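Below: the structure, in structure tokens.
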Amino acid sequence: AMDPQQRLFLEHSWKAFEDAAMPPDRIRSSRCGVYVGVGAGDYLPSIENKLPSAFWGNSSAILASRISYLLDLKGPAISIDTACSSSLVAIDMGCSSLQKGDTDIALAGGVTVMNTSDFYILASRAGMLSPDGQCYSFDWRANGFVPGEGVGVVVLKRLPDAERDGDHIYGIIRASKTNQDGRTNGITAPSVLSQTELEKEIYSRHGIDPSTIGYVEAHGTGT
């Protein structure tokens, strides 16, 4: 009765804590926030004999709460749906909660699983998908995007805390920020100007020289 998105995020949250050497008894009752990027699932209609547990097993709100419930975490548990940017917004919110002192640990990430062909069919009818199955980000050949599935989770801490605790540090997030494009030529279309303004604000506020950036990862549309 559980949407596979819930099961997969639960499994990978456990793996993330294992990788961070944080056993359940160490983080129980801690101020650990859970921030999950997840869209509405399509699993519920396929369940023939719907048990009562299908109600919460297919709720995006419960997806984040399930982690806190299982591990007895006392920080915020928030599910975020901002379409393609959901996972990045979840990480940004996790970083903000640590900076403000609302949490001491943040679990952040996202999951998307397509159990039916509904999304593919609707996106195709809307002319949003690449007819040749290729993404050409920042390229004149761009003709649509390619949908994908995945799950990813990271454990976030303030750098001094991670250094004090002897944690393995994969990377340091220098800065993050979220904005909205406002009105564009279509509600699903990104704005070059809005995204440029956001990046320039981050560079200026945090003293980042963009010429030192050696690798950029972007969504298929270049956002």
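The way I read the labels, and the way they are meant: chains A, B, ... in the order of the structure tokens, residue 1 as the first residue of every chain, and ligand 1 as the first ligand shown, with later ones counted on from there.
Within region 20-52 of chain A, DSSP run on the backbone puts these residues in helix (DSSP H, G or I): Pro24, Asp25, Arg26, Ile27, Leu44, Pro45 and Ser46 of chain A.
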Output the selection as a short mmCIF file (atom, residue, chain, number, x, y, z; two decimals), in the first residue's frame - N, CA and C atoms for each residue.
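The resulting result.cif:
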data_model
loop_
_atom_site.label_atom_id
_atom_site.label_comp_id
_atom_site.auth_asym_id
_atom_site.auth_seq_id
_atom_site.Cartn_x
_atom_site.Cartn_y
_atom_site.Cartn_z
N PRO A 24 20.98 5.08 14.91
CA PRO A 24 19.71 5.62 15.42
C PRO A 24 19.76 6.09 16.87
N ASP A 25 20.49 5.38 17.71
CA ASP A 25 20.50 5.78 19.12
C ASP A 25 21.27 7.08 19.34
N ARG A 26 22.13 7.43 18.40
CA ARG A 26 22.90 8.67 18.54
C ARG A 26 22.08 9.90 18.15
N ILE A 27 21.14 9.73 17.22
CA ILE A 27 20.38 10.89 16.74
C ILE A 27 18.96 10.93 17.30
N LEU A 44 -1.17 5.31 -6.15
CA LEU A 44 -2.43 4.98 -5.49
C LEU A 44 -3.50 4.41 -6.43
N PRO A 45 -3.70 4.97 -7.62
CA PRO A 45 -4.75 4.42 -8.50
C PRO A 45 -4.52 2.97 -8.90
N SER A 46 -3.29 2.51 -8.82
CA SER A 46 -3.00 1.14 -9.25
C SER A 46 -3.28 0.10 -8.17
#
I'd like the contact shell of Ala123 (chain A) - 12 Å cut-off, only C-alpha atoms, skipping same-chain residues fewer than 4 positions apart - returned as a short mmCIF file (atom, residue, chain, number, x, y, z; two decimals) with N, CA, C and O atoms, in the first residue's frame.
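Wrote it out as selection20.cif, contents follow:
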data_model
loop_
_atom_site.label_atom_id
_atom_site.label_comp_id
_atom_site.auth_asym_id
_atom_site.auth_seq_id
_atom_site.Cartn_x
_atom_site.Cartn_y
_atom_site.Cartn_z
N SER A 117 2.53 5.46 -16.94
CA SER A 117 2.96 6.25 -18.10
C SER A 117 2.27 7.62 -18.16
O SER A 117 2.45 8.36 -19.12
N ASP A 118 1.50 7.97 -17.13
CA ASP A 118 0.70 9.19 -17.17
C ASP A 118 1.54 10.45 -17.42
O ASP A 118 1.21 11.28 -18.27
N PHE A 119 2.61 10.61 -16.64
CA PHE A 119 3.44 11.82 -16.78
C PHE A 119 4.03 11.89 -18.18
O PHE A 119 4.02 12.94 -18.83
N GLY A 127 4.15 18.85 -25.58
CA GLY A 127 5.30 19.25 -26.38
C GLY A 127 6.53 19.56 -25.56
O GLY A 127 7.43 20.27 -26.03
N MET A 128 6.62 19.03 -24.33
CA MET A 128 7.73 19.36 -23.43
C MET A 128 8.91 18.40 -23.56
O MET A 128 10.02 18.71 -23.13
N LEU A 129 8.69 17.20 -24.13
CA LEU A 129 9.73 16.19 -24.19
C LEU A 129 10.55 16.28 -25.47
O LEU A 129 10.02 16.60 -26.54
N SER A 130 11.83 15.96 -25.36
CA SER A 130 12.71 15.96 -26.52
C SER A 130 12.33 14.80 -27.44
O SER A 130 12.35 13.64 -27.01
N PRO A 131 12.02 15.06 -28.70
CA PRO A 131 11.61 13.98 -29.59
C PRO A 131 12.74 12.99 -29.90
O PRO A 131 12.47 11.84 -30.27
N GLY A 144 13.54 20.18 -25.87
CA GLY A 144 12.72 19.53 -24.85
C GLY A 144 13.61 18.78 -23.87
O GLY A 144 14.83 18.76 -24.01
N PHE A 145 12.99 18.19 -22.86
CA PHE A 145 13.77 17.48 -21.86
C PHE A 145 13.41 16.00 -21.85
O PHE A 145 12.50 15.55 -22.54
N VAL A 146 14.16 15.24 -21.07
CA VAL A 146 13.94 13.80 -20.94
C VAL A 146 13.62 13.50 -19.47
O VAL A 146 14.44 13.82 -18.61
N PRO A 147 12.47 12.93 -19.17
CA PRO A 147 12.14 12.65 -17.76
C PRO A 147 13.03 11.53 -17.21
O PRO A 147 13.49 10.65 -17.94
N THR A 188 5.82 27.08 -17.44
CA THR A 188 6.85 26.06 -17.26
C THR A 188 8.19 26.49 -17.84
O THR A 188 9.16 25.73 -17.81
#
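Take CA of Arg205 (chain A) and CA of Ile173 (chain A): the distance between them is 14.2 Å.
For Thr82 (chain A), the set of protein, DNA and RNA residues having any atom at most 9 Å away, when counting only C-alpha atoms and skipping those fewer than 3 positions along the same chain, is Gly37, Val38, Gly39, Ser85, Ser86, Ser87 and Val89 of chain A.
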Would you save the residues of that selection, restricted to N, CA and C atoms, as a PDB file, in the first residue's frame?
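again34.pdb, written as the output of this step:
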ATOM      1  N   GLY A  37      12.389  16.667  -1.355  1.00  0.00           N
ATOM      2  CA  GLY A  37      11.793  17.096  -2.606  1.00  0.00           C
ATOM      3  C   GLY A  37      11.030  15.938  -3.219  1.00  0.00           C
ATOM      4  N   VAL A  38       9.729  16.091  -3.372  1.00  0.00           N
ATOM      5  CA  VAL A  38       8.907  14.996  -3.901  1.00  0.00           C
ATOM      6  C   VAL A  38       7.633  15.562  -4.519  1.00  0.00           C
ATOM      7  N   GLY A  39       7.262  15.022  -5.668  1.00  0.00           N
ATOM      8  CA  GLY A  39       6.013  15.432  -6.308  1.00  0.00           C
ATOM      9  C   GLY A  39       4.898  14.464  -5.979  1.00  0.00           C
ATOM     10  N   SER A  85      13.155  21.656  -9.409  1.00  0.00           N
ATOM     11  CA  SER A  85      14.118  22.169  -8.430  1.00  0.00           C
ATOM     12  C   SER A  85      13.880  21.643  -7.022  1.00  0.00           C
ATOM     13  N   SER A  86      12.967  20.694  -6.846  1.00  0.00           N
ATOM     14  CA  SER A  86      12.537  20.279  -5.509  1.00  0.00           C
ATOM     15  C   SER A  86      13.699  19.849  -4.606  1.00  0.00           C
ATOM     16  N   SER A  87      14.601  19.015  -5.119  1.00  0.00           N
ATOM     17  CA  SER A  87      15.702  18.519  -4.292  1.00  0.00           C
ATOM     18  C   SER A  87      16.653  19.638  -3.886  1.00  0.00           C
ATOM     19  N   VAL A  89      15.884  22.849  -3.633  1.00  0.00           N
ATOM     20  CA  VAL A  89      15.189  23.693  -2.653  1.00  0.00           C
ATOM     21  C   VAL A  89      15.210  23.021  -1.287  1.00  0.00           C
TER      22      VAL A  89
END
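Relative to CA of Phe17 (chain A), CA of Val154 (chain A) is found at 8.5 Å.
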> Quick one: residues within 7 Å of Val36 (chain A), only C-alpha atoms counted, chain neighbours fewer than 2 positions away excluded, as a list in words?
Replying inline: Val34, Val38, Ala64, Ile78, Ser79, Ile80, Ser87, Ala90, Ala108, Gly109 and Gly110 of chain A
Save out the residues we just selected, C-alpha atoms, as a short mmCIF file (atom, residue, chain, number, x, y, z; two decimals), in the first residue's frame.
data_model
loop_
_atom_site.label_atom_id
_atom_site.label_comp_id
_atom_site.auth_asym_id
_atom_site.auth_seq_id
_atom_site.Cartn_x
_atom_site.Cartn_y
_atom_site.Cartn_z
CA VAL A 34 14.05 16.29 7.24
CA VAL A 38 8.91 15.00 -3.90
CA ALA A 64 9.01 13.32 5.25
CA ILE A 78 8.84 19.08 5.33
CA SER A 79 7.97 17.78 1.88
CA ILE A 80 8.71 20.22 -0.95
CA SER A 87 15.70 18.52 -4.29
CA ALA A 90 15.14 20.96 0.01
CA ALA A 108 17.89 16.59 2.65
CA GLY A 109 17.27 15.15 -0.77
CA GLY A 110 14.60 14.04 -3.15
#
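When only C-alpha atoms are used to measure the gap to Ile202 (chain A), the shortest distance among A:Lys74, A:His219, A:Arg183, A:Arg174 belongs to A:Arg174.
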